[in-house]
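What follows is the content of coords09.txt, which has compact mmCIF, C-alpha atoms and all ligand atoms:
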# COMPACT_ATOMS: atom_id res chain seq x y z
CA MET J 1 -1.41 -23.60 12.35
CA SER J 2 -2.92 -20.27 13.39
CA ASN J 3 -4.47 -18.21 10.63
CA ARG J 4 -3.53 -14.93 12.31
CA VAL J 5 -2.07 -12.38 9.94
CA ARG J 6 1.09 -11.10 11.64
CA LYS J 7 3.39 -10.41 8.73
CA ALA J 8 3.05 -7.55 6.27
CA VAL J 9 5.06 -7.28 3.07
CA PHE J 10 5.80 -3.86 1.57
CA PRO J 11 7.18 -4.11 -1.97
CA VAL J 12 9.17 -0.89 -2.47
CA ALA J 13 11.57 -1.96 -5.19
CA GLY J 14 9.73 -0.56 -8.23
CA LEU J 15 11.36 2.02 -10.46
CA GLY J 16 8.70 4.67 -9.84
CA THR J 17 8.99 6.02 -13.38
CA ARG J 18 5.89 8.20 -13.10
CA PHE J 19 7.63 10.31 -10.49
CA LEU J 20 10.91 10.81 -12.32
CA PRO J 21 13.08 12.81 -11.94
CA ALA J 22 12.36 12.88 -8.15
CA THR J 23 12.57 9.07 -8.00
CA LYS J 24 16.11 9.10 -9.42
CA VAL J 25 17.17 9.44 -5.78
CA VAL J 26 14.05 9.28 -3.61
CA ALA J 27 11.97 6.11 -3.44
CA LYS J 28 8.36 6.87 -4.39
CA GLU J 29 7.27 5.50 -1.01
CA MET J 30 9.36 8.17 0.75
CA LEU J 31 7.50 11.07 -0.87
CA PRO J 32 5.60 12.88 1.88
CA ILE J 33 1.91 13.69 2.13
CA VAL J 34 2.17 16.82 4.28
CA ASP J 35 4.85 15.64 6.76
CA ARG J 36 4.78 11.83 6.67
CA PRO J 37 6.15 9.63 3.91
CA LEU J 38 3.69 7.37 2.09
CA ILE J 39 5.30 4.29 3.64
CA GLN J 40 4.46 5.57 7.14
CA TYR J 41 0.72 5.66 6.34
CA ALA J 42 0.86 2.05 5.09
CA VAL J 43 2.95 0.89 8.05
CA ASP J 44 0.49 2.46 10.51
CA GLU J 45 -2.37 0.69 8.72
CA ALA J 46 -0.58 -2.67 8.96
CA ILE J 47 0.18 -2.22 12.67
CA GLU J 48 -3.40 -1.20 13.36
CA ALA J 49 -4.48 -4.40 11.58
CA GLY J 50 -2.42 -6.40 14.10
CA CYS J 51 0.80 -7.03 12.14
CA ASP J 52 3.98 -7.11 14.19
CA THR J 53 6.50 -8.11 11.53
CA LEU J 54 7.04 -5.70 8.66
CA ILE J 55 8.99 -7.00 5.67
CA PHE J 56 10.25 -4.42 3.19
CA VAL J 57 11.28 -5.60 -0.25
CA THR J 58 13.79 -3.00 -1.39
CA ASN J 59 16.48 -2.64 -4.02
CA ARG J 60 20.07 -1.53 -3.69
CA TYR J 61 19.23 2.10 -4.47
CA LYS J 62 16.55 2.48 -1.83
CA HIS J 63 18.59 2.96 1.32
CA ALA J 64 16.27 5.75 2.41
CA VAL J 65 13.49 3.31 3.35
CA ALA J 66 15.80 1.31 5.64
CA ASP J 67 17.36 4.50 7.04
CA TYR J 68 13.91 5.85 7.82
CA PHE J 69 13.10 2.89 10.09
CA ASP J 70 16.57 2.83 11.64
CA LYS J 71 17.59 4.72 14.79
CA ALA J 72 18.80 8.27 14.01
CA TYR J 73 21.36 8.64 16.82
CA GLU J 74 22.73 12.06 15.98
CA LEU J 75 19.34 13.63 15.31
CA GLU J 76 17.83 12.13 18.46
CA HIS J 77 20.77 13.35 20.52
CA LYS J 78 20.41 16.90 19.18
CA LEU J 79 16.65 17.01 19.71
CA GLU J 80 17.10 15.68 23.23
CA ALA J 81 19.78 18.25 24.06
CA ALA J 82 17.54 21.02 22.71
CA GLY J 83 14.60 19.78 24.82
CA LYS J 84 12.46 19.22 21.72
CA THR J 85 10.56 16.30 23.20
CA GLU J 86 7.61 16.36 20.83
CA LEU J 87 9.86 16.11 17.78
CA LEU J 88 11.98 13.49 19.54
CA GLU J 89 8.90 11.31 20.07
CA LEU J 90 7.95 11.70 16.41
CA VAL J 91 11.38 10.57 15.27
CA ARG J 92 11.59 7.69 17.76
CA ASN J 93 8.12 6.30 17.24
CA VAL J 94 7.96 5.60 13.52
CA VAL J 95 7.25 2.03 14.65
CA PRO J 96 6.27 0.92 18.17
CA ALA J 97 8.67 -1.22 20.22
CA HIS J 98 6.77 -4.51 19.76
CA VAL J 99 7.06 -4.34 15.96
CA ARG J 100 10.11 -5.61 14.10
CA THR J 101 11.28 -4.58 10.65
CA ILE J 102 13.04 -6.88 8.20
CA PHE J 103 14.57 -5.91 4.86
CA VAL J 104 14.98 -8.19 1.88
CA THR J 105 16.39 -7.26 -1.50
CA GLN J 106 14.82 -7.72 -4.90
CA PRO J 107 17.93 -7.93 -7.08
CA GLU J 108 16.12 -6.83 -10.24
CA ALA J 109 12.76 -5.10 -10.77
CA LEU J 110 11.07 -8.14 -12.35
CA GLY J 111 7.57 -7.17 -11.23
CA LEU J 112 5.30 -7.07 -8.20
CA GLY J 113 4.85 -10.86 -8.13
CA HIS J 114 8.61 -11.36 -8.09
CA ALA J 115 8.98 -8.75 -5.31
CA VAL J 116 6.43 -10.62 -3.15
CA LEU J 117 8.21 -13.93 -3.85
CA CYS J 118 11.43 -12.39 -2.47
CA ALA J 119 9.69 -12.25 0.94
CA LYS J 120 8.92 -15.99 0.96
CA PRO J 121 11.83 -17.08 3.22
CA VAL J 122 10.69 -14.59 5.88
CA VAL J 123 6.94 -15.18 5.58
CA GLY J 124 7.08 -18.99 5.63
CA ASP J 125 3.78 -20.83 5.55
CA GLU J 126 1.41 -18.46 7.29
CA PRO J 127 -1.15 -16.04 5.83
CA PHE J 128 0.32 -12.60 5.20
CA ALA J 129 -0.59 -9.12 4.04
CA VAL J 130 0.80 -7.14 1.11
CA LEU J 131 0.53 -3.37 1.10
CA LEU J 132 1.43 -1.12 -1.81
CA ALA J 133 2.24 2.16 -0.11
CA ASP J 134 1.53 4.29 -3.16
CA ASP J 135 -2.15 3.44 -2.70
CA LEU J 136 -3.01 5.53 0.34
CA LEU J 137 -6.20 4.06 1.83
CA TRP J 138 -7.80 6.19 4.45
CA ASN J 139 -10.89 5.57 6.53
CA ARG J 140 -11.99 8.68 8.37
CA GLN J 141 -14.66 6.67 10.21
CA GLY J 142 -12.35 4.19 11.90
CA ARG J 143 -10.58 0.90 11.16
CA GLY J 144 -8.26 0.97 8.17
CA ALA J 145 -8.80 -1.09 5.03
CA LEU J 146 -6.28 -3.80 5.91
CA GLY J 147 -7.77 -4.13 9.42
CA GLN J 148 -11.22 -4.65 7.90
CA MET J 149 -9.86 -7.35 5.57
CA VAL J 150 -7.85 -9.08 8.29
CA ASP J 151 -10.94 -9.18 10.53
CA HIS J 152 -12.83 -10.88 7.73
CA VAL J 153 -10.08 -13.43 7.07
CA HIS J 154 -9.72 -14.22 10.77
CA GLN J 155 -13.44 -14.96 10.95
CA HIS J 156 -14.04 -16.69 7.63
CA GLY J 157 -10.64 -17.81 6.28
CA GLY J 158 -9.56 -17.59 2.63
CA SER J 159 -7.64 -14.76 1.01
CA ALA J 160 -8.91 -11.23 0.41
CA LEU J 161 -8.10 -8.52 -2.12
CA ALA J 162 -9.19 -4.89 -1.68
CA VAL J 163 -11.29 -3.77 -4.65
CA GLU J 164 -13.02 -0.66 -5.88
CA ASN J 165 -14.89 0.29 -9.03
CA VAL J 166 -12.88 2.24 -11.60
CA PRO J 167 -14.06 4.03 -14.76
CA ALA J 168 -14.47 1.60 -17.69
CA ASP J 169 -11.65 3.25 -19.66
CA LYS J 170 -9.16 2.65 -16.81
CA THR J 171 -9.32 -1.15 -16.57
CA SER J 172 -6.01 -1.49 -18.42
CA SER J 173 -4.21 0.02 -15.41
CA TYR J 174 -5.37 -2.61 -12.90
CA GLY J 175 -5.95 -6.25 -12.09
CA ILE J 176 -9.69 -6.71 -12.72
CA VAL J 177 -11.84 -9.33 -10.99
CA ASP J 178 -15.05 -11.11 -11.79
CA VAL J 179 -17.34 -11.69 -8.81
CA GLU J 180 -20.68 -13.41 -9.18
CA GLN J 181 -22.32 -12.01 -6.10
CA PHE J 182 -21.52 -9.74 -3.19
CA ASP J 183 -22.80 -10.40 0.30
CA ASP J 184 -22.46 -6.94 1.83
CA ARG J 185 -18.80 -6.04 1.12
CA VAL J 186 -17.47 -9.49 0.25
CA GLY J 187 -17.74 -11.66 -2.86
CA ARG J 188 -15.86 -14.74 -4.03
CA ILE J 189 -13.67 -14.06 -7.05
CA SER J 190 -14.26 -16.40 -9.99
CA SER J 191 -11.56 -14.93 -12.24
CA ILE J 192 -8.90 -12.24 -12.29
CA VAL J 193 -7.01 -10.72 -15.18
CA GLU J 194 -4.13 -8.23 -15.25
CA LYS J 195 -4.57 -4.95 -17.12
CA PRO J 196 -7.34 -5.97 -19.57
CA LYS J 197 -8.46 -3.55 -22.27
CA PRO J 198 -11.96 -2.22 -21.50
CA GLU J 199 -13.56 -4.48 -24.13
CA ALA J 200 -11.94 -7.59 -22.59
CA ALA J 201 -12.46 -6.66 -18.92
CA PRO J 202 -14.83 -8.97 -17.01
CA SER J 203 -15.99 -6.00 -14.86
CA THR J 204 -14.80 -2.61 -13.64
CA LEU J 205 -13.87 -3.94 -10.19
CA ALA J 206 -10.18 -3.22 -9.76
CA VAL J 207 -7.77 -4.66 -7.23
CA VAL J 208 -6.06 -1.90 -5.27
CA GLY J 209 -2.96 -2.15 -3.12
CA ARG J 210 -4.04 -4.33 -0.19
CA TYR J 211 -3.96 -8.12 -0.14
CA VAL J 212 -4.32 -10.81 2.52
CA LEU J 213 -2.90 -13.95 0.98
CA ASP J 214 -2.64 -17.66 1.67
CA SER J 215 1.06 -18.63 1.61
CA ARG J 216 0.32 -21.17 -1.14
CA VAL J 217 0.50 -18.18 -3.49
CA PHE J 218 4.31 -18.55 -3.28
CA ASP J 219 4.12 -21.98 -4.95
CA TYR J 220 2.30 -20.41 -7.88
CA LEU J 221 4.61 -17.39 -8.00
CA GLU J 222 7.57 -19.74 -8.33
CA LYS J 223 5.99 -21.21 -11.46
CA THR J 224 4.75 -17.91 -12.92
CA SER J 225 6.44 -16.70 -16.09
CA PRO J 226 6.51 -13.02 -17.06
CA GLY J 227 3.04 -11.79 -18.06
CA ALA J 228 1.63 -8.33 -18.85
CA GLY J 229 4.44 -5.80 -19.42
CA GLY J 230 7.08 -8.59 -19.28
CA GLU J 231 6.81 -8.63 -15.45
CA ILE J 232 6.09 -11.49 -13.06
CA GLN J 233 2.56 -10.56 -12.05
CA LEU J 234 1.05 -11.22 -8.64
CA THR J 235 -2.32 -11.33 -10.42
CA ASP J 236 -1.28 -14.39 -12.46
CA ALA J 237 -0.37 -16.33 -9.31
CA ILE J 238 -3.65 -15.29 -7.65
CA ALA J 239 -5.48 -16.57 -10.74
CA GLN J 240 -3.95 -19.99 -9.95
CA LEU J 241 -4.61 -19.71 -6.21
CA LEU J 242 -8.32 -19.14 -6.68
CA GLN J 243 -8.65 -22.47 -8.54
CA SER J 244 -7.96 -24.33 -5.30
CA THR J 245 -9.01 -22.00 -2.48
CA THR J 246 -11.37 -19.10 -1.75
CA VAL J 247 -10.12 -15.67 -2.73
CA ASN J 248 -12.57 -12.90 -1.89
CA ALA J 249 -12.93 -9.38 -3.23
CA TYR J 250 -13.36 -6.96 -0.34
CA LYS J 251 -15.02 -3.55 -0.84
CA PHE J 252 -13.29 -1.64 1.96
CA ARG J 253 -14.78 1.32 3.80
CA GLY J 254 -12.75 4.45 3.13
CA THR J 255 -11.14 6.50 0.40
CA ARG J 256 -8.26 5.57 -1.86
CA PHE J 257 -5.72 8.06 -3.13
CA ASP J 258 -3.65 6.73 -6.01
CA CYS J 259 -0.42 8.39 -4.96
CA GLY J 260 1.49 6.60 -7.71
CA SER J 261 -0.11 9.13 -10.09
CA HIS J 262 0.42 12.89 -10.05
CA LEU J 263 -3.27 13.70 -9.63
CA GLY J 264 -3.82 11.21 -6.81
CA PHE J 265 -0.75 12.51 -5.03
CA VAL J 266 -2.00 16.09 -5.25
CA GLU J 267 -5.51 15.03 -4.13
CA ALA J 268 -4.08 13.29 -1.07
CA THR J 269 -1.96 16.34 -0.22
CA ILE J 270 -4.99 18.65 -0.46
CA ARG J 271 -7.14 16.32 1.62
CA PHE J 272 -4.60 15.69 4.36
CA ALA J 273 -3.76 19.42 4.56
CA LEU J 274 -7.46 20.22 4.95
CA GLU J 275 -7.85 17.51 7.61
CA ASN J 276 -4.77 18.64 9.55
CA GLU J 277 -5.71 20.56 12.70
CA LYS J 278 -2.82 23.00 12.50
CA LEU J 279 -3.00 23.54 8.75
CA SER J 280 -6.61 23.35 7.66
CA ASP J 281 -7.62 27.02 7.80
CA SER J 282 -4.48 28.37 6.20
CA ALA J 283 -4.42 25.55 3.63
CA ALA J 284 -8.03 26.28 2.65
CA ALA J 285 -7.22 29.99 2.35
CA ALA J 286 -4.16 29.23 0.21
CA MET J 287 -6.22 27.00 -2.08
CA GLN J 288 -8.91 29.65 -2.43
CA LYS J 289 -6.28 32.28 -3.20
CA ALA J 290 -4.73 30.09 -5.87
CA LEU J 291 -8.13 29.44 -7.48
CA ASP J 292 -8.99 33.15 -7.39
CA GLU J 293 -5.67 34.15 -8.92
CA LEU J 294 -6.07 31.63 -11.67
CA GLY J 295 -9.62 32.80 -12.31
CA VAL J 296 -10.72 29.17 -12.34
CA GLU J 297 -14.40 30.04 -12.09
CA GLU J 298 -14.22 32.01 -15.34
CA ARG J 299 -12.79 29.09 -17.33
P1 LIG D 301 4.01 -0.02 -9.92
O1 LIG D 301 3.26 -0.75 -10.94
O2 LIG D 301 3.38 1.18 -9.31
O3 LIG D 301 5.42 0.34 -10.51
O4 LIG D 301 4.37 -1.06 -8.78
P2 LIG D 301 6.50 1.35 -9.99
O5 LIG D 301 7.79 0.97 -10.58
O6 LIG D 301 6.51 1.46 -8.49
O7 LIG D 301 5.99 2.78 -10.52
P3 LIG D 301 5.80 3.36 -12.01
O8 LIG D 301 4.55 2.72 -12.54
O9 LIG D 301 7.04 3.05 -12.81
O10 LIG D 301 5.66 4.84 -11.76
C1 LIG D 301 3.44 -1.44 -7.78
C2 LIG D 301 4.19 -1.74 -6.51
O11 LIG D 301 5.06 -2.85 -6.68
C3 LIG D 301 6.40 -2.52 -6.34
C4 LIG D 301 6.46 -1.00 -6.41
O12 LIG D 301 7.47 -0.48 -5.56
C5 LIG D 301 5.05 -0.58 -6.00
O13 LIG D 301 4.91 -0.55 -4.59
N1 LIG D 301 7.31 -3.21 -7.27
C6 LIG D 301 7.03 -3.22 -8.59
C7 LIG D 301 8.42 -3.85 -6.76
O14 LIG D 301 8.68 -3.84 -5.54
N2 LIG D 301 9.22 -4.52 -7.64
C8 LIG D 301 8.99 -4.55 -8.97
O15 LIG D 301 9.77 -5.19 -9.70
C9 LIG D 301 7.86 -3.88 -9.46

What do you get writing this file as structure tokens?
Amino acid sequence: MSNRVRKAVFPVAGLGTRFLPATKVVAKEMLPIVDRPLIQYAVDEAIEAGCDTLIFVTNRYKHAVADYFDKAYELEHKLEAAGKTELLELVRNVVPAHVRTIFVTQPEALGLGHAVLCAKPVVGDEPFAVLLADDLLWNRQGRGALGQMVDHVHQHGGSALAVENVPADKTSSYGIVDVEQFDDRVGRISSIVEKPKPEAAPSTLAVVGRYVLDSRVFDYLEKTSPGAGGEIQLTDAIAQLLQSTTVNAYKFRGTRFDCGSHLGFVEATIRFALENEKLSDSAAAAMQKALDELGVEER
């Protein structure tokens, strides 16, 4: 069996409570950074990494995600009639023609691990990627984080989890790994624990929203009972997986914006506005004006 990573799973069935009331009707993953929804950034990263099958785990309220990837006949017709070809291309090309999208439902928000398990019938027994779109990972210098991880897995096998160091008082928001030694960006994980208090955390190396997983993780997910927060945790199944196979921590090149939090979302918006050719000068001027008006320097 080939170890090529072709399938990418996007769990988008969470409740998104940190972005209420907006997330009463809009899935968190549909919130835009400048003009593109978060899910589009993650989808582009997966396609760049070589994935051609995108599996979205949604819930019955999140029609917007499926609608976004569907054909918008009326809109396309109007743009075409108005000769707005640039906009037409934007609308048509949210995914390229060789990529297919599949939607599965998570009937109840029982946790990230449970959401990933819902994709099992579509993934089958091949290695696959998981991307959490609210972590926006961006590499200005080139290949995206998932592409870097997939390249590593294709060459060396095993599973890989994207990691980065977090402040010691933030370990209880993440899965935290213990790695004995890093060789450049990669180190074998010896243990992983979900949301430990700082005093119990084995390190400050946190797993962020990119995974390349061996399909055997499904066997462990099926046997996983609810863990931290009463949810079925992907971390608990990975803790089982690493007993029998190599699971590496991967320190990706690039920047992470935690767009599941208000501050991270604002940071990403500022950064992408400043990086945007058409917006950067006016965005910088608007930011300066806001700082001046608030007298931030005096505080
Ligand atoms: P989060 O822990 O960020 O939870 O989920 P959330 O519900 O999205 O947001 P908050 O914390 O309430 O604001 C991590 C990822 O797992 C998905 C989410 O959509 C998000 O991409 N998820 C979580 C599911 O798909 N199903 C679940 O049952 C839980």

*What does the distance from CA of Val65 in chain J to CA of Leu136 in chain J come to in Å, to one decimal?*
16.9 Å

*asked:* Taking all atoms listed in the file and a cut-off of 6 Å, can you tell me which residues surround ligand LIG 301 (chain D), written as JSON, numbers by chain?
replied: {"J": [11, 12, 13, 14, 15, 16, 17, 18, 19, 109, 110, 111, 112, 115, 132, 133, 260]}

*What would the list of residues within 8 Å of (-6.5, -15.0, 2.8) (file frame) look like as a PyMOL selection string, if only C-alpha atoms are what count?*
chain J and resi 127-128+153+157-160+211-214+246-248

Suppose we keep C-alpha atoms; can you now write the selection as a tab-separated table (two decimals), in the coordinates of the input?
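So result-v6.tsv came out as:
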chain	number	residue	atom	x	y	z
J	127	PRO	CA	-1.15	-16.04	5.83
J	128	PHE	CA	0.32	-12.60	5.20
J	153	VAL	CA	-10.08	-13.43	7.07
J	157	GLY	CA	-10.64	-17.81	6.28
J	158	GLY	CA	-9.56	-17.59	2.63
J	159	SER	CA	-7.64	-14.76	1.01
J	160	ALA	CA	-8.91	-11.23	0.41
J	211	TYR	CA	-3.96	-8.12	-0.14
J	212	VAL	CA	-4.32	-10.81	2.52
J	213	LEU	CA	-2.90	-13.95	0.98
J	214	ASP	CA	-2.64	-17.66	1.67
J	246	THR	CA	-11.37	-19.10	-1.75
J	247	VAL	CA	-10.12	-15.67	-2.73
J	248	ASN	CA	-12.57	-12.90	-1.89

*May I ask for the distance between CA of Ala200 in chain J and CA of Met149 in chain J, given in Å to one decimal place?*
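For CA of Ala200 in chain J relative to CA of Met149 in chain J, the distance reads 28.2 Å.
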
_Contacts of Val34 in chain J within 10 Å, all atoms listed in the file, excl. fewer than 2 positions in-chain, as a VMD selection string_ = chain J and resid 31 to 32 36 to 38 268 to 273 276 279

Writer output for current selection, C-alpha atoms, as a short mmCIF file (atom, residue, chain, number, x, y, z; two decimals), in the coordinates of the input:
data_model
loop_
_atom_site.label_atom_id
_atom_site.label_comp_id
_atom_site.auth_asym_id
_atom_site.auth_seq_id
_atom_site.Cartn_x
_atom_site.Cartn_y
_atom_site.Cartn_z
CA LEU J 31 7.50 11.07 -0.87
CA PRO J 32 5.60 12.88 1.88
CA ARG J 36 4.78 11.83 6.67
CA PRO J 37 6.15 9.63 3.91
CA LEU J 38 3.69 7.37 2.09
CA ALA J 268 -4.08 13.29 -1.07
CA THR J 269 -1.96 16.34 -0.22
CA ILE J 270 -4.99 18.65 -0.46
CA ARG J 271 -7.14 16.32 1.62
CA PHE J 272 -4.60 15.69 4.36
CA ALA J 273 -3.76 19.42 4.56
CA ASN J 276 -4.77 18.64 9.55
CA LEU J 279 -3.00 23.54 8.75
#

*For Ser190 in chain J, list every protein, DNA or RNA residue within 8 Å, evaluated using all atoms listed in the file, and leave out those in the same chain fewer than 6 positions away; present the list as a list of chain:residue names.*
J:Val177, J:Asp178, J:Val179, J:Glu180, J:Leu242

_Distance in Å - CA of Arg253 in chain J versus CA of Asp44 in chain J_ =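 Answer for the CA of Arg253 in chain J to CA of Asp44 in chain J separation: 16.7 Å.
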
*Counting only C-alpha atoms, what is within 8 Å of range 69-74 of chain J, bar same-chain residues fewer than 4 positions away, as a list in words?*
Val65, Lys78, Val91, Arg92, Val94, Val95 and Thr101 of chain J

Next, write the just-selected residues to a file, as a CSV table (one decimal), in the frame of the given file, keeping C-alpha atoms as the atom set.
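Written out: selection.csv:
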chain,number,residue,atom,x,y,z
J,65,VAL,CA,13.5,3.3,3.4
J,78,LYS,CA,20.4,16.9,19.2
J,91,VAL,CA,11.4,10.6,15.3
J,92,ARG,CA,11.6,7.7,17.8
J,94,VAL,CA,8.0,5.6,13.5
J,95,VAL,CA,7.2,2.0,14.6
J,101,THR,CA,11.3,-4.6,10.6

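With only C-alpha atoms taken into account, the protein and nucleic acid residues at most 12 Å from Ser203 in chain J (excluding it and anything under 6 positions from it in its own chain) are Val163, Glu164, Asn165, Val166, Pro167, Ala168, Asp169, Lys170, Thr171, Ser172, Tyr174, Gly175, Ile176, Val177, Asp178, Val179, Glu180, Ile189, Ser190, Ser191, Ile192, Val193, Lys195, Pro196 and Lys197 of chain J.
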
*Distance query 7 Å from (0.4, -6.3, 4.1) using only C-alpha atoms, result as a ChimeraX atom specification*: /J:7-10,46,128-131,210-212

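Comparing the minimum interatomic distances between Asp184 in chain J and each of J:Glu267, J:His114, J:Val57, J:His152, counting all atoms listed in the file, we find that J:His152 sits nearest.
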